[in-house]
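Colleague: File work01.txt follows (compact mmCIF, C-alpha atoms and all ligand atoms):
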```txt
# COMPACT_ATOMS: atom_id res chain seq x y z
CA MET A 21 17.34 36.32 9.07
CA SER A 22 20.23 35.25 11.28
CA LEU A 23 20.57 31.53 11.84
CA LEU A 24 20.44 29.87 15.26
CA GLN A 25 23.61 29.76 17.34
CA LEU A 26 24.81 26.17 17.39
CA GLY A 27 27.15 24.40 19.80
CA PHE A 28 29.03 21.22 18.97
CA ILE A 29 30.96 18.83 21.23
CA GLY A 30 33.33 16.34 19.57
CA THR A 31 35.50 17.23 16.59
CA GLY A 32 36.59 13.74 15.51
CA VAL A 33 36.20 12.04 12.12
CA MET A 34 32.41 12.55 12.06
CA GLY A 35 32.11 15.80 14.03
CA THR A 36 34.64 17.58 11.85
CA GLY A 37 32.76 16.77 8.64
CA ILE A 38 29.40 17.70 10.16
CA ILE A 39 30.70 21.01 11.58
CA HIS A 40 32.18 21.98 8.21
CA ASN A 41 28.76 21.51 6.62
CA LEU A 42 27.00 23.51 9.36
CA LEU A 43 29.48 26.36 8.83
CA LYS A 44 28.99 26.13 5.06
CA ALA A 45 25.21 26.46 5.60
CA GLY A 46 25.89 29.71 7.47
CA TYR A 47 25.38 28.62 11.10
CA PRO A 48 27.62 30.13 13.75
CA VAL A 49 29.15 27.15 15.63
CA VAL A 50 30.91 27.17 19.00
CA VAL A 51 32.84 23.97 19.71
CA PHE A 52 34.55 21.98 22.45
CA ASN A 53 36.65 18.83 22.10
CA ARG A 54 38.59 16.79 24.67
CA THR A 55 41.84 17.47 22.77
CA LYS A 56 41.85 21.07 21.56
CA ALA A 57 44.43 20.41 18.84
CA HIS A 58 41.93 18.05 17.16
CA ALA A 59 39.53 20.98 16.74
CA GLN A 60 42.01 23.06 14.73
CA ALA A 61 40.51 22.23 11.32
CA VAL A 62 37.04 23.49 12.29
CA LEU A 63 38.48 26.53 14.14
CA ASP A 64 40.38 27.40 10.94
CA ALA A 65 37.08 27.09 9.05
CA GLY A 66 35.35 29.65 11.29
CA ALA A 67 34.09 27.83 14.39
CA THR A 68 34.81 29.42 17.78
CA TRP A 69 36.12 27.67 20.91
CA ALA A 70 34.60 27.38 24.39
CA ALA A 71 36.44 25.88 27.36
CA THR A 72 33.82 23.28 28.45
CA PRO A 73 30.61 21.60 27.20
CA ARG A 74 28.81 23.69 29.83
CA GLU A 75 30.07 26.92 28.24
CA VAL A 76 29.17 25.69 24.76
CA ALA A 77 25.60 24.91 25.84
CA ALA A 78 25.22 28.19 27.73
CA GLN A 79 25.84 30.08 24.46
CA SER A 80 23.77 27.88 22.15
CA ALA A 81 20.15 27.56 21.08
CA VAL A 82 20.95 24.04 19.87
CA THR A 83 23.86 21.98 21.22
CA LEU A 84 24.90 18.89 19.25
CA SER A 85 27.32 16.20 20.39
CA MET A 86 29.25 13.52 18.51
CA VAL A 87 31.68 11.82 20.88
CA GLY A 88 32.92 8.22 21.03
CA PHE A 89 31.38 5.89 23.61
CA PRO A 90 28.34 5.96 25.94
CA GLN A 91 30.66 6.83 28.86
CA ASP A 92 31.83 9.90 26.90
CA VAL A 93 28.18 10.88 26.33
CA GLU A 94 27.50 10.42 30.03
CA GLN A 95 30.40 12.72 30.93
CA VAL A 96 29.59 15.33 28.31
CA TYR A 97 25.92 15.59 29.42
CA PHE A 98 25.97 14.90 33.16
CA GLY A 99 29.44 16.10 34.24
CA ASP A 100 29.84 19.18 36.46
CA ASP A 101 30.98 21.05 33.34
CA GLY A 102 28.57 19.16 31.11
CA ILE A 103 25.94 20.25 28.62
CA LEU A 104 23.00 19.99 31.02
CA ALA A 105 24.79 22.20 33.55
CA GLY A 106 24.86 24.98 30.94
CA ALA A 107 21.83 24.44 28.69
CA GLN A 108 19.32 27.27 28.84
CA LYS A 109 15.60 26.71 29.32
CA GLY A 110 13.96 26.45 25.90
CA SER A 111 17.11 25.22 24.17
CA THR A 112 17.55 21.84 22.46
CA VAL A 113 20.34 19.28 22.83
CA VAL A 114 21.00 16.60 20.21
CA ASP A 115 23.25 13.58 20.75
CA MET A 116 24.48 12.17 17.43
CA THR A 117 26.87 9.65 19.03
CA THR A 118 25.97 5.99 18.55
CA SER A 119 25.05 5.25 22.16
CA THR A 120 22.56 3.25 24.21
CA PRO A 121 18.79 3.75 23.94
CA SER A 122 18.57 3.81 27.75
CA LEU A 123 21.08 6.66 28.08
CA ALA A 124 19.17 8.63 25.44
CA GLU A 125 16.01 8.18 27.52
CA ARG A 126 17.83 9.28 30.67
CA ILE A 127 19.19 12.43 28.99
CA ALA A 128 15.73 13.30 27.65
CA LYS A 129 14.21 12.96 31.12
CA ALA A 130 16.88 15.04 32.84
CA ALA A 131 16.72 17.68 30.09
CA ALA A 132 12.91 17.91 30.28
CA ALA A 133 13.13 18.48 34.05
CA GLN A 134 15.00 21.72 33.33
CA GLY A 135 12.90 22.84 30.35
CA VAL A 136 15.34 21.59 27.71
CA THR A 137 14.38 19.32 24.80
CA ALA A 138 16.69 16.38 24.01
CA LEU A 139 16.85 14.34 20.81
CA ASP A 140 18.92 11.25 20.01
CA ALA A 141 20.06 11.47 16.39
CA PRO A 142 22.71 8.88 15.48
CA VAL A 143 23.77 8.70 11.86
CA SER A 144 24.82 6.33 9.12
CA GLY A 145 26.85 7.10 6.02
CA GLY A 146 30.39 7.02 7.36
CA ASP A 147 33.23 9.52 7.08
CA VAL A 148 32.26 10.10 3.45
CA GLY A 149 28.66 10.94 4.37
CA ALA A 150 29.80 13.31 7.12
CA LYS A 151 32.15 15.09 4.72
CA ASN A 152 29.66 15.32 1.86
CA GLY A 153 26.60 16.19 3.97
CA THR A 154 24.80 13.02 2.89
CA LEU A 155 24.25 11.30 6.23
CA THR A 156 21.19 9.25 7.06
CA ILE A 157 19.89 10.50 10.41
CA MET A 158 17.77 8.36 12.77
CA ILE A 159 15.95 10.42 15.38
CA GLY A 160 14.20 9.79 18.67
CA GLY A 161 12.40 12.51 20.62
CA ASP A 162 9.76 15.20 20.35
CA ALA A 163 8.25 15.55 16.85
CA ALA A 164 7.89 19.34 17.08
CA ALA A 165 11.58 19.69 17.92
CA VAL A 166 12.50 17.42 15.00
CA ALA A 167 10.45 19.65 12.67
CA GLN A 168 12.02 22.80 14.08
CA LEU A 169 15.55 21.46 13.65
CA ARG A 170 14.95 20.04 10.16
CA PRO A 171 17.05 22.75 8.40
CA ILE A 172 20.00 21.86 10.65
CA PHE A 173 19.63 18.14 9.90
CA GLU A 174 19.26 18.91 6.19
CA ALA A 175 22.57 20.79 6.24
CA VAL A 176 24.37 17.57 7.21
CA GLY A 177 22.18 14.74 5.92
CA HIS A 178 20.00 13.72 3.00
CA ALA A 179 17.61 11.40 4.84
CA ILE A 180 16.00 12.50 8.11
CA ASN A 181 13.98 9.75 9.76
CA HIS A 182 11.99 10.21 12.95
CA PHE A 183 11.22 6.93 14.76
CA GLY A 184 9.30 8.10 17.83
CA GLY A 185 10.19 9.05 21.40
CA PRO A 186 13.56 9.21 23.20
CA GLY A 187 15.87 6.26 22.46
CA ARG A 188 14.07 5.26 19.24
CA GLY A 189 16.79 6.82 17.08
CA GLN A 190 19.39 4.68 18.86
CA HIS A 191 17.26 1.55 18.36
CA ALA A 192 17.04 2.34 14.62
CA LYS A 193 20.82 2.80 14.53
CA MET A 194 21.22 -0.64 16.18
CA ALA A 195 19.07 -2.16 13.43
CA ASN A 196 21.42 -0.48 10.95
CA GLN A 197 24.53 -1.86 12.69
CA ILE A 198 23.09 -5.39 12.71
CA MET A 199 22.83 -5.03 8.91
CA ILE A 200 26.42 -3.70 8.69
CA ALA A 201 27.67 -6.71 10.68
CA GLY A 202 26.46 -8.81 7.75
CA THR A 203 27.74 -6.58 4.96
CA MET A 204 31.24 -6.21 6.49
CA THR A 205 31.72 -9.91 7.20
CA GLY A 206 30.24 -10.69 3.75
CA LEU A 207 32.61 -8.27 2.02
CA THR A 208 35.58 -9.72 3.90
CA GLU A 209 34.86 -13.38 3.20
CA MET A 210 33.90 -12.65 -0.43
CA LEU A 211 37.35 -11.13 -1.04
CA VAL A 212 39.18 -13.87 0.89
CA TYR A 213 37.39 -16.49 -1.21
CA ALA A 214 37.88 -14.68 -4.53
CA LYS A 215 41.59 -14.19 -3.86
CA ALA A 216 42.09 -17.87 -3.04
CA ALA A 217 40.26 -18.78 -6.26
CA GLY A 218 42.61 -16.55 -8.24
CA LEU A 219 39.92 -14.17 -9.46
CA ASP A 220 40.60 -10.56 -10.45
CA LEU A 221 39.44 -8.78 -7.28
CA ALA A 222 38.58 -5.44 -8.91
CA GLN A 223 36.47 -7.33 -11.43
CA VAL A 224 34.74 -9.20 -8.60
CA LEU A 225 33.89 -5.93 -6.79
CA ALA A 226 32.54 -4.36 -9.98
CA THR A 227 30.51 -7.46 -10.84
CA VAL A 228 28.97 -8.03 -7.41
CA SER A 229 28.22 -4.28 -7.13
CA GLY A 230 26.04 -4.58 -10.22
CA GLY A 231 24.04 -7.54 -8.93
CA SER A 232 21.95 -8.59 -5.97
CA GLY A 233 24.97 -8.53 -3.63
CA ALA A 234 25.39 -4.75 -4.01
CA ASN A 235 25.77 -2.83 -0.75
CA TRP A 236 27.34 0.33 0.75
CA SER A 237 30.07 -1.49 2.70
CA MET A 238 31.35 -3.12 -0.46
CA SER A 239 31.21 0.07 -2.57
CA ASN A 240 33.00 2.15 0.05
CA TYR A 241 35.37 -0.28 1.75
CA GLY A 242 36.07 -2.79 -1.06
CA PRO A 243 38.27 -0.33 -2.98
CA ARG A 244 40.04 0.72 0.24
CA ILE A 245 40.92 -2.93 0.96
CA LEU A 246 42.29 -3.41 -2.56
CA ALA A 247 44.38 -0.25 -2.09
CA GLY A 248 45.72 -1.60 1.24
CA ASP A 249 44.12 1.36 3.06
CA TYR A 250 43.08 0.27 6.56
CA THR A 251 42.77 3.74 8.13
CA PRO A 252 39.39 4.69 9.69
CA GLY A 253 36.69 5.45 8.25
CA PHE A 254 34.89 3.77 11.01
CA PHE A 255 37.00 2.61 13.97
CA ILE A 256 36.88 -1.10 14.87
CA LYS A 257 36.66 -0.11 18.57
CA HIS A 258 33.42 1.80 17.80
CA PHE A 259 31.93 -1.09 15.84
CA VAL A 260 32.58 -3.47 18.76
CA LYS A 261 30.86 -0.91 21.00
CA ASP A 262 27.87 -0.78 18.63
CA LEU A 263 27.54 -4.54 18.32
CA GLY A 264 27.69 -4.84 22.12
CA ILE A 265 24.84 -2.33 22.47
CA ALA A 266 22.84 -4.13 19.77
CA LEU A 267 23.32 -7.54 21.41
CA ASP A 268 22.51 -6.19 24.89
CA SER A 269 19.34 -4.51 23.56
CA ALA A 270 18.40 -7.71 21.73
CA ALA A 271 18.95 -9.80 24.87
CA ALA A 272 16.76 -7.38 26.85
CA MET A 273 13.99 -8.13 24.33
CA GLY A 274 14.58 -11.89 24.65
CA LEU A 275 16.29 -12.14 21.24
CA ASP A 276 19.29 -14.25 20.25
CA LEU A 277 21.21 -12.90 17.22
CA PRO A 278 23.92 -15.49 16.51
CA ALA A 279 25.24 -13.97 13.26
CA THR A 280 25.66 -10.55 14.91
CA ALA A 281 27.35 -12.25 17.87
CA THR A 282 29.82 -13.91 15.48
CA ALA A 283 30.65 -10.55 13.89
CA ARG A 284 31.27 -9.10 17.35
CA ARG A 285 33.54 -12.01 18.27
CA LEU A 286 35.63 -11.50 15.10
CA TYR A 287 35.93 -7.74 15.63
CA ARG A 288 36.54 -8.05 19.38
CA ALA A 289 39.50 -10.34 18.70
CA MET A 290 41.00 -7.47 16.68
CA VAL A 291 40.52 -5.05 19.59
CA ASP A 292 42.16 -7.63 21.87
CA ALA A 293 45.08 -7.78 19.41
CA GLY A 294 45.53 -3.99 19.71
CA GLN A 295 43.92 -3.15 16.35
CA GLY A 296 40.86 -1.22 17.57
CA ASP A 297 42.06 2.03 16.01
CA LEU A 298 42.07 0.56 12.49
CA GLY A 299 39.06 0.94 10.19
CA THR A 300 36.46 -1.84 10.08
CA GLN A 301 37.70 -2.91 6.62
CA ALA A 302 40.87 -4.20 8.36
CA LEU A 303 38.94 -7.31 9.47
CA ILE A 304 40.31 -8.97 6.35
CA GLN A 305 43.81 -8.86 7.86
CA SER A 306 42.74 -11.42 10.45
CA TYR A 307 42.27 -14.05 7.71
CA PRO A 308 45.67 -15.78 7.35
CA SER A 309 45.31 -16.47 3.61
CA TRP A 310 44.85 -12.75 2.89
CA GLY A 311 48.15 -11.67 4.48
CA LYS A 312 48.88 -8.27 5.98
P1 LIG A 401 36.37 9.94 16.77
O1 LIG A 401 37.13 10.40 15.57
O2 LIG A 401 37.09 9.19 17.85
O3 LIG A 401 35.67 11.23 17.42
C1 LIG A 401 35.20 11.31 18.72
C2 LIG A 401 35.49 12.71 19.21
O4 LIG A 401 34.88 12.92 20.47
C3 LIG A 401 37.00 12.95 19.40
O5 LIG A 401 37.34 14.19 18.82
C4 LIG A 401 37.15 12.96 20.93
O6 LIG A 401 38.18 13.80 21.40
C5 LIG A 401 35.81 13.53 21.33
N1 LIG A 401 35.47 13.17 22.71
C6 LIG A 401 35.39 11.94 23.26
N2 LIG A 401 35.06 12.03 24.56
C7 LIG A 401 34.93 13.35 24.82
C8 LIG A 401 34.62 14.07 25.98
N3 LIG A 401 34.38 13.45 27.14
N4 LIG A 401 34.58 15.43 25.91
C9 LIG A 401 34.83 16.04 24.74
N5 LIG A 401 35.15 15.42 23.60
C10 LIG A 401 35.19 14.08 23.65
O7 LIG A 401 35.14 9.04 16.33
P2 LIG A 401 34.14 9.22 15.07
O8 LIG A 401 34.53 8.27 13.99
O9 LIG A 401 33.95 10.65 14.78
O10 LIG A 401 32.81 8.60 15.71
C11 LIG A 401 32.01 9.35 16.64
C12 LIG A 401 30.74 8.57 16.94
O11 LIG A 401 30.00 8.39 15.72
C13 LIG A 401 30.96 7.16 17.51
O12 LIG A 401 29.96 6.88 18.46
C14 LIG A 401 30.80 6.27 16.29
O13 LIG A 401 30.38 4.96 16.65
C15 LIG A 401 29.74 7.02 15.51
N6 LIG A 401 29.72 6.81 14.05
C16 LIG A 401 30.89 6.78 13.34
C17 LIG A 401 30.83 6.60 11.96
C18 LIG A 401 32.10 6.55 11.12
O14 LIG A 401 32.03 6.03 10.00
N7 LIG A 401 33.21 7.07 11.59
C19 LIG A 401 29.61 6.47 11.31
C20 LIG A 401 28.43 6.55 12.05
C21 LIG A 401 28.51 6.73 13.43
P3 LIG A 401 39.76 13.50 21.20
O15 LIG A 401 40.19 14.40 20.08
O16 LIG A 401 40.38 13.82 22.51
O17 LIG A 401 39.88 12.02 20.86
```
Please express the file's structure as structure tokens.
Ligand code: NAP

Modeller:
Amino acid sequence: MSLLQLGFIGTGVMGTGIIHNLLKAGYPVVVFNRTKAHAQAVLDAGATWAATPREVAAQSAVTLSMVGFPQDVEQVYFGDDGILAGAQKGSTVVDMTTSTPSLAERIAKAAAAQGVTALDAPVSGGDVGAKNGTLTIMIGGDAAAVAQLRPIFEAVGHAINHFGGPGRGQHAKMANQIMIAGTMTGLTEMLVYAKAAGLDLAQVLATVSGGSGANWSMSNYGPRILAGDYTPGFFIKHFVKDLGIALDSAAAMGLDLPATATARRLYRAMVDAGQGDLGTQALIQSYPSWGK
């Protein structure tokens, strides 16, 4: 049985890993990326190129997207050469970008009006999860479409969680990012403190990892910090975007989240200092006692 033709827009850190796993699972994948040179790795691995998102969608039974910011999603879906201009009736479109719940709802509505099903399916698990096919996927949209696409999600993730209608996947991702705000600031201040106290930092990471403070941010980014590796991973500029969406969504529900707001303030200061393209583990560099 031949597998569905897939389209994919966005061949960055996450898209590249995901596309490699889709190709490995045997899916034909046609891709588009803003900068063609950044698609070379997946083209070398067997993906084919189309000139616009519209052309990708016109050729695909399922078109997935993993771009940067909500404004990129807006352009990729609603532009003259966008996905919805090309998507065929009966096809499905899946936005995996971390974006706003309201934009996911708007895409689903516009897609439905032309007989296309839209899912929001943001992920967690980082660059490592994308590469290894072990992402956690949080989905909003039609349950039947989620069931139909399950083999595709299973090719790139190990946990596929459906939360309800359009936008619910993005809300679940915001809950996740509120948690990460705590684990990243906790990791940072734990290491700053332990260094000032003269503790062996590798021993601290190993010890805390075995106790009630264990968490993914520490396991994955703690060793990178000790190695002086501040490359992304997960871009600071994207985390500031996520925390902004989370705080806006919270405010719309009448919620005040002061700890999340503090994390955003700390990370936004790094963007303001021109460090938005570093990985989120670089927060520790803004603590004077740590040094650069
Ligand atoms: P990235 O490396 O910057 O990738 C984004 C890709 O989208 C780039 O290749 C970019 O093209 C492309 N793009 C942006 N706008 C476009 C447009 N209008 N048309 C076509 N292509 C466009 O970022 P990433 O780390 O993969 O993250 C992607 C998304 O996943 C973000 O929303 C992020 O918050 C989320 N996320 C990231 C992680 C992580 O750990 N990295 C984890 C979970 C979720 P160029 O080559 O021209 O830049």

Colleague: Output as CSV one row per residue of chain A within 7 Å of ligand LIG 401 (chain A): the closest atom pair and its distance in Å to one decimal place, counting all atoms listed in the file, sorted by chain and residue number ascending.

Modeller:
```
residue,atom,partner,partner_atom,distance
A:Ile29,CA,A:LIG401,N5,5.9
A:Gly30,CA,A:LIG401,O4,3.9
A:Thr31,CA,A:LIG401,O5,4.2
A:Gly32,CA,A:LIG401,O3,3.3
A:Val33,CA,A:LIG401,O9,3.8
A:Met34,CA,A:LIG401,O9,3.7
A:Gly35,CA,A:LIG401,O9,5.5
A:Phe52,CA,A:LIG401,C9,6.4
A:Asn53,CA,A:LIG401,N5,4.0
A:Arg54,CA,A:LIG401,C9,3.8
A:Thr55,CA,A:LIG401,O16,3.9
A:His58,CA,A:LIG401,O15,5.0
A:Met86,CA,A:LIG401,C11,5.3
A:Val87,CA,A:LIG401,O4,3.4
A:Gly88,CA,A:LIG401,O12,4.1
A:Phe89,CA,A:LIG401,O12,5.4
A:Asp92,CA,A:LIG401,N3,4.4
A:Val93,CA,A:LIG401,N3,6.8
A:Gln95,CA,A:LIG401,N3,5.5
A:Val96,CA,A:LIG401,N3,5.3
A:Met116,CA,A:LIG401,O11,6.9
A:Thr117,CA,A:LIG401,O12,4.2
A:Thr118,CA,A:LIG401,O12,4.1
A:Ser119,CA,A:LIG401,O12,6.4
A:Pro142,CA,A:LIG401,C21,6.5
A:Val143,CA,A:LIG401,C20,5.1
A:Ser144,CA,A:LIG401,C20,4.7
A:Gly145,CA,A:LIG401,C19,6.0
A:Gly146,CA,A:LIG401,O14,3.3
A:Asp147,CA,A:LIG401,O14,4.7
A:Pro252,CA,A:LIG401,N7,6.9
A:Gly253,CA,A:LIG401,O14,5.0
A:Phe254,CA,A:LIG401,N7,3.7
A:Phe255,CA,A:LIG401,O8,6.2
A:His258,CA,A:LIG401,O13,4.5
A:Phe259,CA,A:LIG401,O13,6.3
A:Asp262,CA,A:LIG401,O13,6.6
```

Colleague: For a test of reading the model, state the distance in Å between CA of Pro90 in chain A and CA of Asn235 in chain A, rounded to one decimal.

Modeller: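 Value for the CA of Pro90 in chain A-CA of Asn235 in chain A distance: 28.2 Å.
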
Colleague: Could you jot down the CA of Ile159 in chain A to CA of Gln60 in chain A separation for me, Å, one decimal place?

Modeller: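 So the two atoms, CA of Ile159 in chain A and CA of Gln60 in chain A, lie 29.0 Å apart.
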
Colleague: Need to verify the contact set: range 217-229 of chain A, 12 Å, all atoms listed in the file, exclusion of same-chain residues closer than 5 positions in sequence. Can you return it as number ranges by chain?

Modeller: A: 206-208, 210-212, 234-247, 309-310

Colleague: Would you mind exporting the chosen residues as a compact mmCIF listing (two decimals), keeping the file's coordinate frame, restricted to C-alpha atoms?

Modeller:
```
# COMPACT_ATOMS: atom_id res chain seq x y z
CA GLY A 206 30.24 -10.69 3.75
CA LEU A 207 32.61 -8.27 2.02
CA THR A 208 35.58 -9.72 3.90
CA MET A 210 33.90 -12.65 -0.43
CA LEU A 211 37.35 -11.13 -1.04
CA VAL A 212 39.18 -13.87 0.89
CA ALA A 234 25.39 -4.75 -4.01
CA ASN A 235 25.77 -2.83 -0.75
CA TRP A 236 27.34 0.33 0.75
CA SER A 237 30.07 -1.49 2.70
CA MET A 238 31.35 -3.12 -0.46
CA SER A 239 31.21 0.07 -2.57
CA ASN A 240 33.00 2.15 0.05
CA TYR A 241 35.37 -0.28 1.75
CA GLY A 242 36.07 -2.79 -1.06
CA PRO A 243 38.27 -0.33 -2.98
CA ARG A 244 40.04 0.72 0.24
CA ILE A 245 40.92 -2.93 0.96
CA LEU A 246 42.29 -3.41 -2.56
CA ALA A 247 44.38 -0.25 -2.09
CA SER A 309 45.31 -16.47 3.61
CA TRP A 310 44.85 -12.75 2.89
```

Colleague: Please, what distance in Å, to one decimal, runs between CA of Lys193 in chain A and CA of Gly160 in chain A?

Modeller: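 These atoms are spaced 10.5 Å apart.
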
Colleague: Between A:Asp249, A:Val51, A:Leu275, A:Leu26, which one has atoms that come closest to Gln305 in chain A, using all atoms listed in the file?

Modeller: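 The answer is A:Asp249, which sits nearest to Gln305 in chain A.
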
Colleague: For Ala266 in chain A, which of A:Val291, A:Ala61, A:Ala163, A:Ala192 is the closest residue, counting only C-alpha atoms?

Modeller: A:Ala192

Colleague: Using all atoms listed in the file, which residues sit within 12 Å of range 173-182 of chain A once same-chain residues fewer than 4 positions away are excluded, as a VMD selection string?

Modeller: chain A and resid 34 to 47 82 84 114 116 139 to 169 186 to 193

Colleague: What would the file look like if the residues just selected were written as a compact mmCIF listing (two decimals), in the coordinates of the input with C-alpha atoms?

Modeller:
```txt
# COMPACT_ATOMS: atom_id res chain seq x y z
CA MET A 34 32.41 12.55 12.06
CA GLY A 35 32.11 15.80 14.03
CA THR A 36 34.64 17.58 11.85
CA GLY A 37 32.76 16.77 8.64
CA ILE A 38 29.40 17.70 10.16
CA ILE A 39 30.70 21.01 11.58
CA HIS A 40 32.18 21.98 8.21
CA ASN A 41 28.76 21.51 6.62
CA LEU A 42 27.00 23.51 9.36
CA LEU A 43 29.48 26.36 8.83
CA LYS A 44 28.99 26.13 5.06
CA ALA A 45 25.21 26.46 5.60
CA GLY A 46 25.89 29.71 7.47
CA TYR A 47 25.38 28.62 11.10
CA VAL A 82 20.95 24.04 19.87
CA LEU A 84 24.90 18.89 19.25
CA VAL A 114 21.00 16.60 20.21
CA MET A 116 24.48 12.17 17.43
CA LEU A 139 16.85 14.34 20.81
CA ASP A 140 18.92 11.25 20.01
CA ALA A 141 20.06 11.47 16.39
CA PRO A 142 22.71 8.88 15.48
CA VAL A 143 23.77 8.70 11.86
CA SER A 144 24.82 6.33 9.12
CA GLY A 145 26.85 7.10 6.02
CA GLY A 146 30.39 7.02 7.36
CA ASP A 147 33.23 9.52 7.08
CA VAL A 148 32.26 10.10 3.45
CA GLY A 149 28.66 10.94 4.37
CA ALA A 150 29.80 13.31 7.12
CA LYS A 151 32.15 15.09 4.72
CA ASN A 152 29.66 15.32 1.86
CA GLY A 153 26.60 16.19 3.97
CA THR A 154 24.80 13.02 2.89
CA LEU A 155 24.25 11.30 6.23
CA THR A 156 21.19 9.25 7.06
CA ILE A 157 19.89 10.50 10.41
CA MET A 158 17.77 8.36 12.77
CA ILE A 159 15.95 10.42 15.38
CA GLY A 160 14.20 9.79 18.67
CA GLY A 161 12.40 12.51 20.62
CA ASP A 162 9.76 15.20 20.35
CA ALA A 163 8.25 15.55 16.85
CA ALA A 164 7.89 19.34 17.08
CA ALA A 165 11.58 19.69 17.92
CA VAL A 166 12.50 17.42 15.00
CA ALA A 167 10.45 19.65 12.67
CA GLN A 168 12.02 22.80 14.08
CA LEU A 169 15.55 21.46 13.65
CA PRO A 186 13.56 9.21 23.20
CA GLY A 187 15.87 6.26 22.46
CA ARG A 188 14.07 5.26 19.24
CA GLY A 189 16.79 6.82 17.08
CA GLN A 190 19.39 4.68 18.86
CA HIS A 191 17.26 1.55 18.36
CA ALA A 192 17.04 2.34 14.62
CA LYS A 193 20.82 2.80 14.53
```

Colleague: Around the point (32.4, -2.4, 18.3) (coordinates from the file), which residues reach within 12 Å if we count all atoms listed in the file? Answer as a ChimeraX atom specification.

Modeller: /A:88-89,118-119,194,197-198,200-201,254-267,280-281,283-292,295-300

Colleague: Considering all atoms listed in the file, state which residue in the set A:Ala59, A:Met204, A:Ala78, A:Val136 is at the smallest distance from Leu303 in chain A.

Modeller: A:Met204

Colleague: Nearest residue to Gln108 in chain A out of A:Gln91, A:Ser80, A:Ala133, A:Ser85, using all atoms listed in the file?

Modeller: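 Comparing A:Gln91, A:Ser80, A:Ala133, A:Ser85 against Gln108 in chain A, the winner is A:Ser80.
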